[in-house]
file final.txt (compact mmCIF, C-alpha atoms)
# COMPACT_ATOMS: atom_id res chain seq x y z
CA MET A 447 0.00 0.00 0.00
CA ARG A 448 0.97 3.62 -0.51
CA ILE A 449 0.15 5.30 2.80
CA LEU A 450 0.02 9.07 3.29
CA VAL A 451 0.54 10.12 6.94
CA ALA A 452 -0.29 13.74 7.72
CA LEU A 453 0.33 15.77 10.87
CA THR A 454 1.32 19.33 11.74
CA TYR A 455 4.68 18.59 13.42
CA TYR A 456 7.05 15.73 12.69
CA ARG A 457 10.64 14.97 13.63
CA PRO A 458 12.90 16.59 14.71
CA HIS A 459 10.09 18.15 16.75
CA THR A 460 9.59 16.08 19.90
CA SER A 461 6.17 15.33 21.40
CA GLY A 462 4.08 12.27 22.14
CA LEU A 463 2.23 12.77 18.86
CA THR A 464 5.37 13.02 16.72
CA ILE A 465 6.92 9.98 18.43
CA TYR A 466 3.71 8.03 17.79
CA ALA A 467 3.62 9.01 14.11
CA GLU A 468 7.31 8.30 13.62
CA ARG A 469 7.12 4.83 15.17
CA LEU A 470 3.98 3.96 13.22
CA SER A 471 5.40 5.23 9.91
CA ARG A 472 8.68 3.34 10.32
CA ALA A 473 6.88 0.14 11.32
CA LEU A 474 4.53 0.32 8.34
CA ALA A 475 7.50 0.93 6.02
CA ALA A 476 9.25 -2.09 7.57
CA ARG A 477 6.16 -4.15 6.71
CA GLY A 478 6.72 -3.34 3.01
CA HIS A 479 4.45 -0.33 2.53
CA GLU A 480 5.40 2.95 0.85
CA VAL A 481 4.94 5.60 3.53
CA THR A 482 5.00 9.36 2.97
CA VAL A 483 4.71 11.87 5.81
CA LEU A 484 3.19 15.24 4.94
CA THR A 485 4.00 17.85 7.55
CA SER A 486 5.02 21.46 8.14
CA ARG A 487 8.47 22.90 7.69
CA TYR A 488 8.09 24.55 11.10
CA ASP A 489 11.87 25.00 11.29
CA PRO A 490 13.40 26.61 8.16
CA ASP A 491 16.61 24.67 8.81
CA THR A 492 14.89 21.36 8.04
CA PRO A 493 14.84 20.11 4.42
CA LEU A 494 11.72 20.33 2.29
CA HIS A 495 12.15 16.69 1.32
CA GLU A 496 14.10 13.84 2.87
CA TRP A 497 14.07 10.13 3.67
CA ARG A 498 14.16 9.11 7.34
CA GLU A 499 14.58 5.39 8.05
CA GLY A 500 12.61 4.23 5.03
CA VAL A 501 9.94 6.95 5.29
CA GLU A 502 9.61 9.80 2.79
CA VAL A 503 9.08 13.16 4.53
CA VAL A 504 7.56 16.09 2.63
CA ARG A 505 7.55 19.44 4.46
CA VAL A 506 5.46 22.44 3.44
CA PRO A 507 6.90 25.93 4.08
CA VAL A 508 5.27 27.89 6.90
CA ALA A 509 4.25 31.50 6.22
CA PHE A 510 3.46 32.35 9.86
CA ARG A 511 2.24 30.84 13.11
CA VAL A 512 -1.05 31.26 14.93
CA SER A 513 -0.44 30.24 18.54
CA LYS A 514 0.97 26.70 18.21
CA GLY A 515 -0.56 26.26 14.77
CA VAL A 516 1.03 26.99 11.40
CA ILE A 517 -0.30 28.60 8.21
CA MET A 518 1.00 27.02 5.00
CA PRO A 519 -0.29 28.67 1.79
CA GLY A 520 1.22 25.95 -0.41
CA PHE A 521 -0.29 23.09 1.55
CA GLY A 522 -3.37 22.55 -0.64
CA ARG A 523 -1.46 22.08 -3.88
CA ILE A 524 0.99 19.59 -2.38
CA ALA A 525 -1.76 17.75 -0.49
CA THR A 526 -3.84 17.32 -3.65
CA ARG A 527 -0.91 15.77 -5.50
CA LEU A 528 -0.03 13.39 -2.68
CA VAL A 529 -3.61 12.29 -2.02
CA ARG A 530 -3.96 11.31 -5.67
CA SER A 531 -0.77 9.23 -5.62
CA HIS A 532 -1.52 7.28 -2.42
CA ASP A 533 -3.94 4.50 -1.58
CA VAL A 534 -4.94 5.46 1.97
CA LEU A 535 -4.73 8.51 4.24
CA SER A 536 -3.71 8.42 7.89
CA LEU A 537 -4.49 11.81 9.44
CA HIS A 538 -3.30 12.69 12.93
CA LEU A 539 -5.39 15.20 14.85
CA PRO A 540 -5.67 17.84 16.20
CA GLN A 541 -4.62 19.42 12.91
CA PHE A 542 -5.90 22.61 11.29
CA ASP A 543 -5.53 21.17 7.78
CA ALA A 544 -7.27 17.86 8.55
CA SER A 545 -10.63 18.80 7.04
CA GLY A 546 -9.10 19.73 3.69
CA LEU A 547 -7.18 16.47 3.58
CA ALA A 548 -10.21 14.41 4.54
CA LEU A 549 -12.31 16.12 1.86
CA ARG A 550 -9.65 15.42 -0.77
CA GLY A 551 -9.61 11.79 0.31
CA ARG A 552 -13.38 11.54 0.12
CA ARG A 553 -13.54 13.10 -3.34
CA SER A 554 -10.76 10.79 -4.55
CA LYS A 555 -12.54 7.78 -2.99
CA LYS A 556 -9.46 7.04 -0.90
CA PRO A 557 -9.93 5.57 2.61
CA VAL A 558 -9.35 8.14 5.34
CA LEU A 559 -8.43 6.99 8.84
CA LEU A 560 -8.19 9.62 11.56
CA THR A 561 -6.12 9.14 14.68
CA TYR A 562 -7.21 11.50 17.42
CA HIS A 563 -4.37 12.06 19.86
CA CYS A 564 -5.76 14.62 22.28
CA ASP A 565 -8.02 17.59 22.79
CA LEU A 566 -6.65 21.07 22.18
CA HIS A 567 -6.45 23.49 25.12
CA LEU A 568 -5.07 26.99 24.60
CA PRO A 569 -4.51 29.70 27.23
CA PRO A 570 -7.50 31.96 28.04
CA GLY A 571 -8.23 34.87 25.74
CA LEU A 572 -10.49 35.82 22.84
CA PHE A 573 -7.89 35.15 20.16
CA ASN A 574 -7.04 31.69 21.49
CA TRP A 575 -10.77 30.92 21.81
CA VAL A 576 -11.20 31.71 18.11
CA VAL A 577 -8.21 29.48 17.24
CA ASP A 578 -9.57 26.67 19.40
CA ARG A 579 -13.01 26.82 17.81
CA THR A 580 -11.52 26.96 14.31
CA VAL A 581 -9.40 23.85 14.87
CA PHE A 582 -12.33 22.08 16.55
CA LEU A 583 -14.54 22.81 13.53
CA SER A 584 -11.85 21.57 11.15
CA ASN A 585 -11.51 18.38 13.18
CA GLN A 586 -15.28 17.88 13.17
CA LEU A 587 -15.42 18.28 9.39
CA ALA A 588 -12.55 15.81 9.06
CA ALA A 589 -14.49 13.35 11.21
CA ARG A 590 -17.56 13.83 9.02
CA TRP A 591 -15.60 13.07 5.85
CA CYS A 592 -13.40 10.25 7.16
CA ASP A 593 -14.14 6.52 7.18
CA SER A 594 -13.02 5.57 10.69
CA ILE A 595 -11.40 7.09 13.79
CA VAL A 596 -8.65 5.62 15.99
CA ALA A 597 -8.52 6.29 19.73
CA TYR A 598 -5.86 5.14 22.17
CA THR A 599 -8.37 3.90 24.75
CA GLU A 600 -12.13 3.58 25.19
CA ASP A 601 -11.72 5.56 28.43
CA TYR A 602 -10.45 8.63 26.60
CA ALA A 603 -12.91 8.25 23.73
CA THR A 604 -15.96 8.32 25.98
CA HIS A 605 -14.74 11.44 27.84
CA SER A 606 -13.35 13.49 24.95
CA PRO A 607 -15.69 16.27 23.69
CA PHE A 608 -14.57 15.38 20.16
CA LEU A 609 -14.44 11.57 20.20
CA SER A 610 -17.62 11.13 22.23
CA ARG A 611 -19.58 12.49 19.26
CA HIS A 612 -18.32 9.68 17.02
CA LEU A 613 -18.33 6.57 19.22
CA ASP A 614 -20.06 4.51 16.54
CA ARG A 615 -16.98 4.85 14.29
CA ILE A 616 -14.24 4.50 16.90
CA ARG A 617 -11.73 1.68 16.76
CA VAL A 618 -9.35 1.40 19.72
CA ILE A 619 -5.72 0.73 18.80
CA PRO A 620 -3.10 0.81 21.57
CA PRO A 621 -0.27 3.26 20.84
CA PRO A 622 3.11 2.10 19.50
CA VAL A 623 5.65 1.59 22.27
CA ASP A 624 9.15 0.14 22.13
CA LEU A 625 12.31 0.55 24.17
CA PRO A 626 15.93 -0.42 23.44
CA SER A 627 17.78 -2.64 25.90
CA PRO A 628 21.08 -1.01 26.92
CA SER A 629 23.99 -2.80 28.53
CA ALA A 630 24.53 -2.85 32.29
CA SER A 631 27.68 -0.78 31.86
CA GLU A 632 25.78 1.93 29.99
CA VAL A 633 23.12 2.05 32.71
CA ALA A 634 25.86 2.36 35.32
CA ALA A 635 27.60 5.15 33.39
CA PHE A 636 24.35 7.11 33.19
CA ARG A 637 23.88 6.66 36.94
CA GLU A 638 27.41 7.83 37.64
CA LYS A 639 26.77 11.00 35.65
CA TRP A 640 23.35 11.93 37.03
CA ASN A 641 23.05 10.19 40.38
CA PRO A 642 26.51 9.28 41.72
CA ASP A 643 25.28 9.43 45.34
CA GLY A 644 22.57 6.83 44.72
CA ARG A 645 19.73 9.04 45.92
CA ARG A 646 16.10 8.26 45.19
CA MET A 647 15.29 9.59 41.75
CA ILE A 648 11.90 10.73 40.45
CA GLY A 649 11.66 11.13 36.69
CA MET A 650 9.52 13.21 34.38
CA ALA A 651 9.67 13.01 30.58
CA ALA A 652 7.88 15.75 28.65
CA ARG A 653 8.18 19.13 27.04
CA LEU A 654 8.25 21.98 29.57
CA ALA A 655 4.65 22.92 28.81
CA ASN A 656 1.72 24.14 30.88
CA GLU A 657 -0.42 21.04 30.38
CA LYS A 658 2.34 18.74 31.65
CA GLY A 659 1.97 19.97 35.25
CA LEU A 660 5.60 20.08 36.37
CA GLU A 661 4.69 22.58 39.10
CA HIS A 662 2.63 19.96 40.93
CA LEU A 663 5.60 17.61 41.11
CA LEU A 664 7.86 20.41 42.34
CA GLU A 665 5.30 21.41 44.97
CA ALA A 666 5.15 17.78 46.16
CA LEU A 667 8.92 17.45 46.55
CA PRO A 668 9.35 18.98 50.03
CA ARG A 669 6.82 16.49 51.47
CA VAL A 670 8.65 13.62 49.77
CA ARG A 671 12.02 14.80 51.03
CA ALA A 672 10.65 14.91 54.56
CA ARG A 673 10.26 11.13 54.28
CA PHE A 674 13.17 10.44 51.92
CA PRO A 675 15.87 13.13 52.30
CA GLY A 676 17.89 13.93 49.21
CA THR A 677 15.24 12.81 46.71
CA ARG A 678 15.80 14.45 43.31
CA VAL A 679 13.90 15.00 40.07
CA LEU A 680 15.42 14.19 36.67
CA PHE A 681 13.61 15.89 33.78
CA ALA A 682 14.04 14.55 30.23
CA GLY A 683 12.73 16.52 27.29
CA GLN A 684 12.79 19.99 25.76
CA HIS A 685 12.96 22.60 28.52
CA GLU A 686 14.24 25.61 26.60
CA ASN A 687 12.63 27.58 23.75
CA VAL A 688 9.44 25.51 23.82
CA LEU A 689 7.00 26.87 21.24
CA GLY A 690 4.12 28.80 22.83
CA GLU A 691 5.25 28.20 26.43
CA GLU A 692 7.08 31.43 27.22
CA ALA A 693 4.41 32.68 29.65
CA TYR A 694 4.31 29.34 31.44
CA LEU A 695 8.07 29.35 31.91
CA ARG A 696 7.89 32.83 33.47
CA ARG A 697 5.22 31.65 35.94
CA LEU A 698 7.21 28.52 36.73
CA THR A 699 10.59 30.22 37.23
CA PRO A 700 10.23 30.98 41.00
CA LEU A 701 9.42 27.34 41.71
CA LEU A 702 12.29 26.17 39.52
CA GLU A 703 14.62 28.44 41.43
CA ARG A 704 13.39 27.10 44.77
CA GLU A 705 14.01 23.49 43.72
CA ARG A 706 17.19 24.14 41.72
CA GLU A 707 19.36 21.98 44.00
CA HIS A 708 16.95 19.04 43.67
CA LEU A 709 16.27 19.18 39.90
CA ASP A 710 18.36 18.28 36.85
CA PHE A 711 17.49 18.68 33.18
CA VAL A 712 19.04 16.04 30.91
CA GLY A 713 17.65 17.53 27.68
CA VAL A 714 16.14 15.74 24.70
CA LEU A 715 17.34 12.12 24.58
CA ASP A 716 17.26 9.63 21.73
CA PRO A 717 15.48 6.28 22.33
CA HIS A 718 18.65 4.70 23.67
CA GLY A 719 19.17 7.60 26.05
CA MET A 720 15.57 7.39 27.20
CA SER A 721 16.06 3.72 27.99
CA LEU A 722 19.02 4.64 30.21
CA PHE A 723 16.94 7.41 31.79
CA TYR A 724 14.05 5.10 32.74
CA ARG A 725 16.35 2.43 34.15
CA ASN A 726 17.89 4.93 36.56
CA LEU A 727 14.60 6.08 38.06
CA ASP A 728 12.79 4.86 41.13
CA VAL A 729 9.50 6.11 39.71
CA LEU A 730 8.20 8.15 36.76
CA VAL A 731 5.57 10.85 37.27
CA VAL A 732 3.01 12.04 34.69
CA PRO A 733 1.27 14.97 36.46
CA SER A 734 -0.65 16.24 33.41
CA ILE A 735 -3.55 18.58 34.12
CA ASN A 736 -5.93 18.38 31.15
CA SER A 737 -7.08 16.33 28.18
CA THR A 738 -4.28 17.51 25.90
CA GLU A 739 -2.68 14.40 27.40
CA SER A 740 -4.61 11.32 26.35
CA PHE A 741 -2.32 8.48 27.42
CA GLY A 742 1.32 9.25 28.18
CA LEU A 743 3.50 6.93 26.08
CA VAL A 744 6.36 7.53 28.50
CA GLN A 745 4.52 5.56 31.16
CA VAL A 746 4.65 2.35 29.15
CA GLU A 747 8.26 2.98 28.14
CA ALA A 748 9.16 3.31 31.82
CA MET A 749 7.23 0.15 32.66
CA LEU A 750 9.14 -1.77 29.99
CA ALA A 751 12.29 -0.67 31.81
CA GLY A 752 10.89 -1.94 35.11
CA THR A 753 10.00 1.49 36.49
CA PRO A 754 6.56 2.21 38.03
CA SER A 755 4.51 5.26 37.06
CA ILE A 756 2.37 7.71 39.02
CA ALA A 757 -0.20 9.38 36.78
CA SER A 758 -2.94 11.99 37.01
CA ASP A 759 -6.47 10.64 37.20
CA LEU A 760 -7.29 11.80 33.68
CA PRO A 761 -9.21 9.74 31.11
CA GLY A 762 -6.69 7.72 29.12
CA VAL A 763 -3.70 8.85 31.20
CA ARG A 764 -4.76 6.57 34.07
CA GLN A 765 -5.06 3.53 31.83
CA PRO A 766 -1.41 2.30 31.70
CA VAL A 767 -1.34 2.06 35.50
CA ARG A 768 -4.76 0.43 35.63
CA MET A 769 -3.95 -2.05 32.88
CA THR A 770 -0.58 -3.14 34.30
CA GLY A 771 -0.84 -2.45 38.02
CA MET A 772 2.55 -0.73 37.83
CA GLY A 773 1.93 2.39 39.85
CA GLU A 774 -0.56 4.77 41.38
CA VAL A 775 -3.14 7.27 40.15
CA PHE A 776 -3.66 10.59 41.96
CA PRO A 777 -6.25 13.40 41.65
CA VAL A 778 -5.44 15.99 38.99
CA ALA A 779 -3.37 18.98 40.20
CA ASP A 780 -3.32 17.70 43.80
CA SER A 781 0.28 18.09 44.97
CA ALA A 782 -0.42 16.68 48.43
CA ALA A 783 -1.97 13.53 46.96
CA LEU A 784 0.95 13.21 44.54
CA ALA A 785 3.39 13.42 47.47
CA GLU A 786 1.48 10.66 49.27
CA ALA A 787 1.52 8.45 46.16
CA LEU A 788 5.25 9.02 45.75
CA VAL A 789 5.92 8.04 49.34
CA ARG A 790 3.86 4.85 48.93
CA VAL A 791 5.72 3.78 45.79
CA LEU A 792 9.17 4.73 47.10
CA SER A 793 8.46 2.86 50.36
CA ASP A 794 7.59 -0.43 48.62
CA ARG A 795 8.71 -0.11 45.01
CA GLU A 796 8.96 -3.83 44.24
CA ARG A 797 5.25 -4.27 44.89
CA TYR A 798 4.57 -2.16 41.81
CA VAL A 799 6.90 -3.96 39.38
CA VAL A 800 5.60 -6.66 37.01
CA PRO A 801 7.51 -8.73 34.43
CA ARG A 802 8.34 -6.94 31.17
CA ALA A 803 6.50 -9.65 29.22
CA ASN A 804 3.24 -8.60 30.92
CA VAL A 805 3.65 -5.07 29.59
CA GLU A 806 4.74 -6.23 26.12
CA SER A 807 1.61 -8.37 25.84
CA LEU A 808 -0.44 -5.15 25.95
CA PHE A 809 1.74 -2.68 24.06
CA SER A 810 4.16 -2.95 21.14
CA THR A 811 4.91 -0.99 17.98
CA ALA A 812 4.66 -4.14 15.86
CA ARG A 813 1.15 -4.88 17.13
CA THR A 814 0.03 -1.28 16.56
CA ALA A 815 1.30 -1.34 12.96
CA GLU A 816 -0.45 -4.67 12.36
CA LEU A 817 -3.77 -3.25 13.58
CA TYR A 818 -3.39 -0.17 11.39
CA GLU A 819 -2.62 -2.37 8.41
CA GLU A 820 -5.76 -4.42 9.10
CA ALA A 821 -7.80 -1.21 9.32
CA PHE A 822 -6.42 0.13 6.02
CA LEU A 823 -7.08 -3.15 4.21
CA GLN A 824 -10.62 -3.33 5.56
CA LEU A 825 -11.36 0.24 4.47
CA LEU A 826 -9.88 -0.41 1.03
CA ALA A 827 -12.05 -3.50 0.64
CA GLU A 828 -15.13 -1.51 1.64
CA LYS A 829 -14.30 1.19 -0.91
CA ARG A 830 -13.83 -1.40 -3.66
CA PHE A 831 -17.13 -3.05 -2.72
CA ALA A 832 -18.91 0.29 -2.80
CA ARG A 833 -17.46 1.12 -6.22
CA GLY A 834 -18.49 -2.30 -7.50
CA GLY A 835 -22.02 -1.72 -6.24
CA GLU A 836 -22.14 1.66 -7.94
CA GLY A 837 -20.96 0.11 -11.19
CA GLY A 838 -23.69 -2.51 -11.06
CA ARG A 839 -26.53 -0.02 -10.79

call {"tool": "encode", "arguments": {"input": "final.txt", "output": "structure tokens"}}
result
Amino acid sequence: MRILVALTYYRPHTSGLTIYAERLSRALAARGHEVTVLTSRYDPDTPLHEWREGVEVVRVPVAFRVSKGVIMPGFGRIATRLVRSHDVLSLHLPQFDASGLALRGRRSKKPVLLTYHCDLHLPPGLFNWVVDRTVFLSNQLAARWCDSIVAYTEDYATHSPFLSRHLDRIRVIPPPVDLPSPSASEVAAFREKWNPDGRRMIGMAARLANEKGLEHLLEALPRVRARFPGTRVLFAGQHENVLGEEAYLRRLTPLLEREREHLDFVGVLDPHGMSLFYRNLDVLVVPSINSTESFGLVQVEAMLAGTPSIASDLPGVRQPVRMTGMGEVFPVADSAALAEALVRVLSDRERYVVPRANVESLFSTARTAELYEEAFLQLLAEKRFARGGEGGR
């Protein structure tokens, strides 16, 4: 099959959505399909066209940004050409251009499969409200013109303002998760660099963004240190020059200064580096505060490394812990409850650890790609059947 994958941001941008799309695209290419990613050239230093691990990447120049969105005047022309030359469309939402792509797919009688990653939440204000409503309308039109919609979990689908309107067309496909296995010496070297004193280490892996809730972890730290002195936080992910998060960083700065001696930033790590990161943690925390987080892939990655997770009680986000038993769930934005959960896990960590095989039985990139392939083939068969029926009338 020739598969067109479309999303606003792709690598080298780092987010749960881009990691998902990258893993899925590579896995589908490894299964023998021709995969093209259509995305924005959000960074002018990235090439307009390249091949990344068997996947063709086509980037459309960006004229200007609207909040975290991008405006690409040349998008329509390139999208029309690519839709015509591919067999199926895999659209990843939220995405401002999704409705135009879905309409092109419908008119070309090409199967369109939406994957809805999360709801969009922008800071308060009239302008951001207009942007939010515009993207929501585009997503709704895309849903109207698509053939099927993928959700990570039924839990998130039933609670999402967007997905709950389309439950009759939802198919649940677990997200793609994999994790390299580093050597013991590499794990030890990472520990020597970041935790030579062998203190208890709490991890967080995310962009430094408002919805990720880092402040609630930092507010919980003093209570944790009262029980476990010297406990530190290791933060993996982009923490500088994060698009659209300048105001959040200013609000967070006093708390960062207060906890400076107990917090280290390791930066953006490749998959191998993330594997080392997880294996040097006592526990991972996902303190997200709203439905822009729908699952938290990092939780499953940590679990594959034998590290428990503590997650906000948000639809979808709570599911990895519930499905595996590897951790605790705490009320959203409740720093005191997070501190209590951390103390429980740190006091009896082994109780929260299950064999890696148990986690792999629920989540794997290979299984996700297989389910997408089955969905594409089913939709193609339905399209062919429909065209045959039309020809017989």

call {"tool": "residues_around", "arguments": {"input": "final.txt", "residues": "Pro628 of chain A", "least_positions_apart": "5", "cutoff": "9 Å", "atoms": "all atoms listed in the file", "output": "PyMOL selection string"}}
result
chain A and resi 633+718-719+721-722

call {"tool": "atom_distance", "arguments": {"input": "final.txt", "atom1": "atom CA of Phe636 of chain A", "atom2": "atom CA of Asp716 of chain A"}}
result
13.7 Å

call {"tool": "residues_near_point", "arguments": {"input": "final.txt", "point": "(-1.2, 23.7, -2.2)", "cutoff": "12 Å", "atoms": "only C-alpha atoms", "output": "CSV table (one decimal) with C-alpha atoms, in the frame of the given file"}}
result
chain,number,residue,atom,x,y,z
A,484,LEU,CA,3.2,15.2,4.9
A,505,ARG,CA,7.6,19.4,4.5
A,506,VAL,CA,5.5,22.4,3.4
A,507,PRO,CA,6.9,25.9,4.1
A,508,VAL,CA,5.3,27.9,6.9
A,517,ILE,CA,-0.3,28.6,8.2
A,518,MET,CA,1.0,27.0,5.0
A,519,PRO,CA,-0.3,28.7,1.8
A,520,GLY,CA,1.2,26.0,-0.4
A,521,PHE,CA,-0.3,23.1,1.6
A,522,GLY,CA,-3.4,22.6,-0.6
A,523,ARG,CA,-1.5,22.1,-3.9
A,524,ILE,CA,1.0,19.6,-2.4
A,525,ALA,CA,-1.8,17.8,-0.5
A,526,THR,CA,-3.8,17.3,-3.6
A,527,ARG,CA,-0.9,15.8,-5.5
A,528,LEU,CA,0.0,13.4,-2.7
A,529,VAL,CA,-3.6,12.3,-2.0
A,543,ASP,CA,-5.5,21.2,7.8
A,546,GLY,CA,-9.1,19.7,3.7
A,547,LEU,CA,-7.2,16.5,3.6
A,550,ARG,CA,-9.6,15.4,-0.8

call {"tool": "closest_residue", "arguments": {"input": "final.txt", "among": "A:Thr699, A:Thr814, A:Ser606, A:Thr770", "to": "Val799 of chain A", "atoms": "only C-alpha atoms"}}
result
A:Thr770

call {"tool": "residues_around", "arguments": {"input": "final.txt", "residues": "segment 600-605 of chain A", "least_positions_apart": "3", "cutoff": "12 Å", "atoms": "only C-alpha atoms", "output": "tab-separated table (two decimals) with C-alpha atoms, in the coordinates of the input"}}
result
chain	number	residue	atom	x	y	z
A	561	THR	CA	-6.12	9.14	14.68
A	562	TYR	CA	-7.21	11.50	17.42
A	563	HIS	CA	-4.37	12.06	19.86
A	564	CYS	CA	-5.76	14.62	22.28
A	565	ASP	CA	-8.02	17.59	22.79
A	595	ILE	CA	-11.40	7.09	13.79
A	596	VAL	CA	-8.65	5.62	15.99
A	597	ALA	CA	-8.52	6.29	19.73
A	608	PHE	CA	-14.57	15.38	20.16
A	609	LEU	CA	-14.44	11.57	20.20
A	610	SER	CA	-17.62	11.13	22.23
A	611	ARG	CA	-19.58	12.49	19.26
A	612	HIS	CA	-18.32	9.68	17.02
A	613	LEU	CA	-18.33	6.57	19.22
A	614	ASP	CA	-20.06	4.51	16.54
A	615	ARG	CA	-16.98	4.85	14.29
A	616	ILE	CA	-14.24	4.50	16.90
A	617	ARG	CA	-11.73	1.68	16.76
A	618	VAL	CA	-9.35	1.40	19.72
A	619	ILE	CA	-5.72	0.73	18.80
A	620	PRO	CA	-3.10	0.81	21.57
A	736	ASN	CA	-5.93	18.38	31.15
A	737	SER	CA	-7.08	16.33	28.18
A	738	THR	CA	-4.28	17.51	25.90
A	739	GLU	CA	-2.68	14.40	27.40
A	740	SER	CA	-4.61	11.32	26.35
A	741	PHE	CA	-2.32	8.48	27.42
A	742	GLY	CA	1.32	9.25	28.18
A	759	ASP	CA	-6.47	10.64	37.20
A	760	LEU	CA	-7.29	11.80	33.68
A	761	PRO	CA	-9.21	9.74	31.11
A	762	GLY	CA	-6.69	7.72	29.12
A	763	VAL	CA	-3.70	8.85	31.20
A	764	ARG	CA	-4.76	6.57	34.07
A	765	GLN	CA	-5.06	3.53	31.83
A	766	PRO	CA	-1.41	2.30	31.70
A	768	ARG	CA	-4.76	0.43	35.63
A	769	MET	CA	-3.95	-2.05	32.88

call {"tool": "closest_residue", "arguments": {"input": "final.txt", "among": "A:Ser531, A:Asn656, A:Ser461, A:Gln745", "to": "Thr482 of chain A", "atoms": "only C-alpha atoms"}}
result
A:Ser531

call {"tool": "closest_residue", "arguments": {"input": "final.txt", "among": "A:Ala630, A:Ala785, A:Leu825, A:Leu463", "to": "Arg725 of chain A", "atoms": "only C-alpha atoms"}}
result
A:Ala630

call {"tool": "residues_around", "arguments": {"input": "final.txt", "residues": "segment 582-591 of chain A", "least_positions_apart": "2", "cutoff": "7 Å", "atoms": "all atoms listed in the file", "output": "JSON, numbers by chain"}}
result
{"A": [540, 541, 542, 544, 545, 548, 549, 552, 578, 579, 580, 593]}

call {"tool": "atom_distance", "arguments": {"input": "final.txt", "atom1": "atom CA of Pro801 of chain A", "atom2": "atom CA of Pro717 of chain A"}}
result
20.9 Å

call {"tool": "residues_around", "arguments": {"input": "final.txt", "residues": "segment 733-735 of chain A", "least_positions_apart": "3", "cutoff": "10 Å", "atoms": "only C-alpha atoms", "output": "MDAnalysis selection string"}}
result
chainID A and resid 650 652 655:663 730 738:742 756:760 763 775:781 784

call {"tool": "atom_distance", "arguments": {"input": "final.txt", "atom1": "atom CA of Val516 of chain A", "atom2": "atom CA of Leu539 of chain A"}}
result
13.9 Å

call {"tool": "residues_near_point", "arguments": {"input": "final.txt", "point": "(18.6, 18.2, 51.2)", "cutoff": "12 Å", "atoms": "all atoms listed in the file", "output": "VMD selection string"}}
result
chain A and resid 645 to 646 667 to 678 705 to 709

call {"tool": "closest_residue", "arguments": {"input": "final.txt", "among": "A:Asp489, A:Glu692, A:Glu468, A:Asp794", "to": "Met772 of chain A", "atoms": "only C-alpha atoms"}}
result
A:Asp794

call {"tool": "residues_around", "arguments": {"input": "final.txt", "residues": "Asn726 of chain A", "least_positions_apart": "6", "cutoff": "12 Å", "atoms": "all atoms listed in the file", "output": "PyMOL selection string"}}
result
chain A and resi 628+630+632-642+644-650+678-680+719-720+748+751-754

call {"tool": "axis_aligned_box", "arguments": {"input": "final.txt", "around": "segment 494-513 of chain A", "padding_each_side": "8 Å", "output": "AutoDock Vina command-line options"}}
result
--center_x 6.8 --center_y 18.3 --center_z 9.9 --size_x 31.6 --size_y 44.1 --size_z 33.2

call {"tool": "closest_residue", "arguments": {"input": "final.txt", "among": "A:Arg653, A:Arg830, A:Arg498, A:Lys514", "to": "Arg469 of chain A", "atoms": "only C-alpha atoms"}}
result
A:Arg498

call {"tool": "closest_residue", "arguments": {"input": "final.txt", "among": "A:Leu788, A:Leu808, A:Met447, A:Leu654", "to": "His532 of chain A", "atoms": "all atoms listed in the file"}}
result
A:Met447

call {"tool": "build_atoms", "arguments": {"input": "final.txt", "residues": "segment 698-707 of chain A", "atoms": "N, CA and C atoms", "output": "JSON list (two decimals), in the coordinates of the input"}}
result
[["chain", "number", "residue", "atom", "x", "y", "z"],
["A", 698, "LEU", "N", 6.59, 29.66, 36.06],
["A", 698, "LEU", "CA", 7.21, 28.52, 36.73],
["A", 698, "LEU", "C", 8.58, 28.86, 37.33],
["A", 699, "THR", "N", 9.20, 29.92, 36.86],
["A", 699, "THR", "CA", 10.59, 30.22, 37.23],
["A", 699, "THR", "C", 10.82, 30.29, 38.75],
["A", 700, "PRO", "N", 9.97, 30.96, 39.54],
["A", 700, "PRO", "CA", 10.23, 30.98, 41.00],
["A", 700, "PRO", "C", 10.28, 29.59, 41.62],
["A", 701, "LEU", "N", 9.43, 28.70, 41.18],
["A", 701, "LEU", "CA", 9.42, 27.34, 41.71],
["A", 701, "LEU", "C", 10.65, 26.57, 41.24],
["A", 702, "LEU", "N", 11.07, 26.80, 40.01],
["A", 702, "LEU", "CA", 12.29, 26.17, 39.52],
["A", 702, "LEU", "C", 13.50, 26.63, 40.31],
["A", 703, "GLU", "N", 13.51, 27.91, 40.64],
["A", 703, "GLU", "CA", 14.62, 28.44, 41.43],
["A", 703, "GLU", "C", 14.64, 27.83, 42.83],
["A", 704, "ARG", "N", 13.47, 27.67, 43.42],
["A", 704, "ARG", "CA", 13.39, 27.10, 44.77],
["A", 704, "ARG", "C", 13.92, 25.68, 44.81],
["A", 705, "GLU", "N", 13.64, 24.91, 43.74],
["A", 705, "GLU", "CA", 14.01, 23.49, 43.72],
["A", 705, "GLU", "C", 15.28, 23.22, 42.91],
["A", 706, "ARG", "N", 16.04, 24.28, 42.60],
["A", 706, "ARG", "CA", 17.19, 24.14, 41.72],
["A", 706, "ARG", "C", 18.16, 23.04, 42.20],
["A", 707, "GLU", "N", 18.39, 22.95, 43.49],
["A", 707, "GLU", "CA", 19.36, 21.98, 44.00],
["A", 707, "GLU", "C", 18.85, 20.54, 43.93]]
